[in-house]
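Engineer: Starting off with a structure, shown below.
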Amino acid sequence: MKAVVQDRYGSADTLEFREVDRPVPAAGEVLVRVHAASVNAYDWHFMRGDPLLGRSVMGLRRPRMPVRGRDFAGRVEALGSGVTGLEPGDEVYGEADGAFAEYVCARDAEVGPKPANLTFEQAAAVPLAGNTALMALRDVAGVRPGQTVLVNGASGGVGTFAVQLAKAFGAEVTGVCSTRNVDLVRSLGADRVVDYSREDFARGGRRYDVVLDLVGNRSLGEFRRVLTPSGTLVLSGGGVYEGGSVVGPMGLFLKRRALAPFARGQRLLEVSARQSSANLATLRELAESGKIAPVVERTYPLSEAAEAIRYLEVEHARAKVVVTV
């Protein structure tokens, strides 16, 4: 099969579109014929081995998983032993390393039926970003009706889902984004949009019950100033490539862990998203009911996946970038 393969850390130039062996599903795994896969910050972090501290997980000298890509949509090709509830030919979506390929093996716990109202390209944009937003707002922050929520990075992959989910949970939502994305974020349901080139949300005097940071470009002190006395800050990763780092977004996480015990009523938290079939089912229900809809800015063929990652890692991409197979 054809796949996008990487044998060493580096820029998108290290990615090769070449023939590799088709994977075979082990017990508890599903072999999926990939129709589309989306690009995430996760991909360029693994491609670059950035931050350096993260290589303890990514692979010390080279990527532990040579095929890039994480989330996908496609059709079930074969089932490993012990898999129930799915059949060959079923349309599915989910997460698994190695999704920039014609076939991918995924754990059955991280695969679910594709939303019926979405194309494969749209469905591929949902799993990682949608799940991160869902867990950050529902599970970590516990967003409730009537609360005020600020999403810093509202026009990105996770941010576009976060705005929609916060509204679905009954919150009043403020989205922070660039000038060119103001209309997009407003169209997603944001009650208020802050153009960061014209207004500094940290100095505006407004206070929020929940702040979800998807950029990592502000200090903990600035975030705390815009929280209510009992407000919740949730940190996530992401961002764009800025020449390499030792700790990257993890630096803000480490500071949070040191400061959290002294936050005086405020909760300083972080999201560590883990995919599950239950969360995929929730996202499917939200998509099929029209409460969330993926926004796809660009699509690239599988042979140009390197260009897709290059675009995401250096540009402030709008919403999701998808690779078609």
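Residue numbers start at 1 in each chain; chains themselves are named A, B, ... in the order of the structure tokens; ligands are numbered from 1 in the order shown.
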So which residues touch Asp7 of chain A within 10 Å, counting only C-alpha atoms, skipping near sequence neighbours fewer than 5 positions away, as a VMD selection string?
Structural biologist: chain A and resid 14 to 16 47 61 to 67
Engineer: For segment 167-170 of chain A, find every residue with an atom within 7 Å (counting only C-alpha atoms), except residues of its own chain fewer than 3 positions away, and show them as a PyMOL selection string.
Structural biologist: chain A and resi 143-146+163-164+173+189+291
Engineer: For segment 221-223 of chain A, find every residue with an atom within 10 Å (counting only C-alpha atoms), except residues of its own chain fewer than 2 positions away, and show them as an MDAnalysis selection string.
Structural biologist: chainID A and resid 201:203 207:208 211:213 218:219 225:227 232:234 268
Engineer: DSSP on the backbone: what in segment 112-200 of chain A comes out strand (DSSP E), as a ChimeraX atom specification?
Structural biologist: /A:112-113,148-152,172-177,192-195
Engineer: To one decimal place in Å, what is the distance between atom CA of Glu19 of chain A and atom CA of Phe100 of chain A?
Structural biologist: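 That distance, rounded to one decimal, is 12.2 Å.
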Engineer: So, with only C-alpha atoms as the atoms that count, which of A:Gly74, A:Gly10, A:Gly156, A:Gly175 lies closest to Thr119 of chain A?
Structural biologist: A:Gly74
Engineer: Atom CA of Gly89 of chain A and atom CA of His35 of chain A are how many Å apart?
Structural biologist: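 Rounded to one decimal, the two atoms are 12.5 Å apart.
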Engineer: May I ask which of the residues A:Thr228, A:Ala141, A:Leu118, A:Gly237 is the closest one to Leu286 of chain A, counting only C-alpha atoms?
Structural biologist: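 Counting only C-alpha atoms, the residue closest to Leu286 of chain A is A:Leu118.
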Engineer: Write out as a VMD selection string which residues come within 12 Å of Thr84 of chain A when counting only C-alpha atoms, dropping same-chain ones fewer than 4 positions away.
Structural biologist: chain A and resid 27 to 30 78 to 80 88 107 to 109 111 to 112
Engineer: Using only C-alpha atoms, can you tell me which of A:Leu165, A:Val34, A:Val20, A:Ala99 comes closest to Glu77 of chain A?
Structural biologist: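 Under the stated criterion, the closest residue is A:Val34.
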Engineer: May I ask which of the residues A:Val185, A:Gly142, A:Asp195, A:Met58 is the closest one to Gly231 of chain A, counting only C-alpha atoms?
Structural biologist: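 With only C-alpha atoms as the atom set, the closest residue is A:Gly142.
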Engineer: Give the answer as one residue: which of A:Ser230, A:Ser236, A:Thr282, A:Thr179 has the shortest atom-to-atom distance to Gln266 of chain A, using only C-alpha atoms?
Structural biologist: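 That would be A:Ser230, the residue with the smallest distance to Gln266 of chain A.
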Engineer: Between atom CA of Leu280 of chain A and atom CA of Ala125 of chain A, what is the distance in Å, rounded to a tenth?
Structural biologist: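 Distance between the two atoms: 12.3 Å.
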Engineer: Could you list, as number ranges by chain, every residue within 8 Å of Asp191 of chain A, counting only C-alpha atoms and ignoring same-chain residues fewer than 5 positions away?
Structural biologist: A: 172-174, 186
Engineer: In terms of the shortest atom-to-atom distance over only C-alpha atoms, which of A:Leu137, A:Ala129, A:Val322, A:Val32 is closest to Glu270 of chain A?
Structural biologist: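 Closest candidate: A:Leu137.
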Engineer: Any chance you could list, as a PyMOL selection string, the residues in segment 77-250 of chain A that come up helix (DSSP H, G or I) when DSSP is run on the backbone?
Structural biologist: chain A and resi 108-110+120-124+127-141+157-168+179-187+201-203+220-225+250
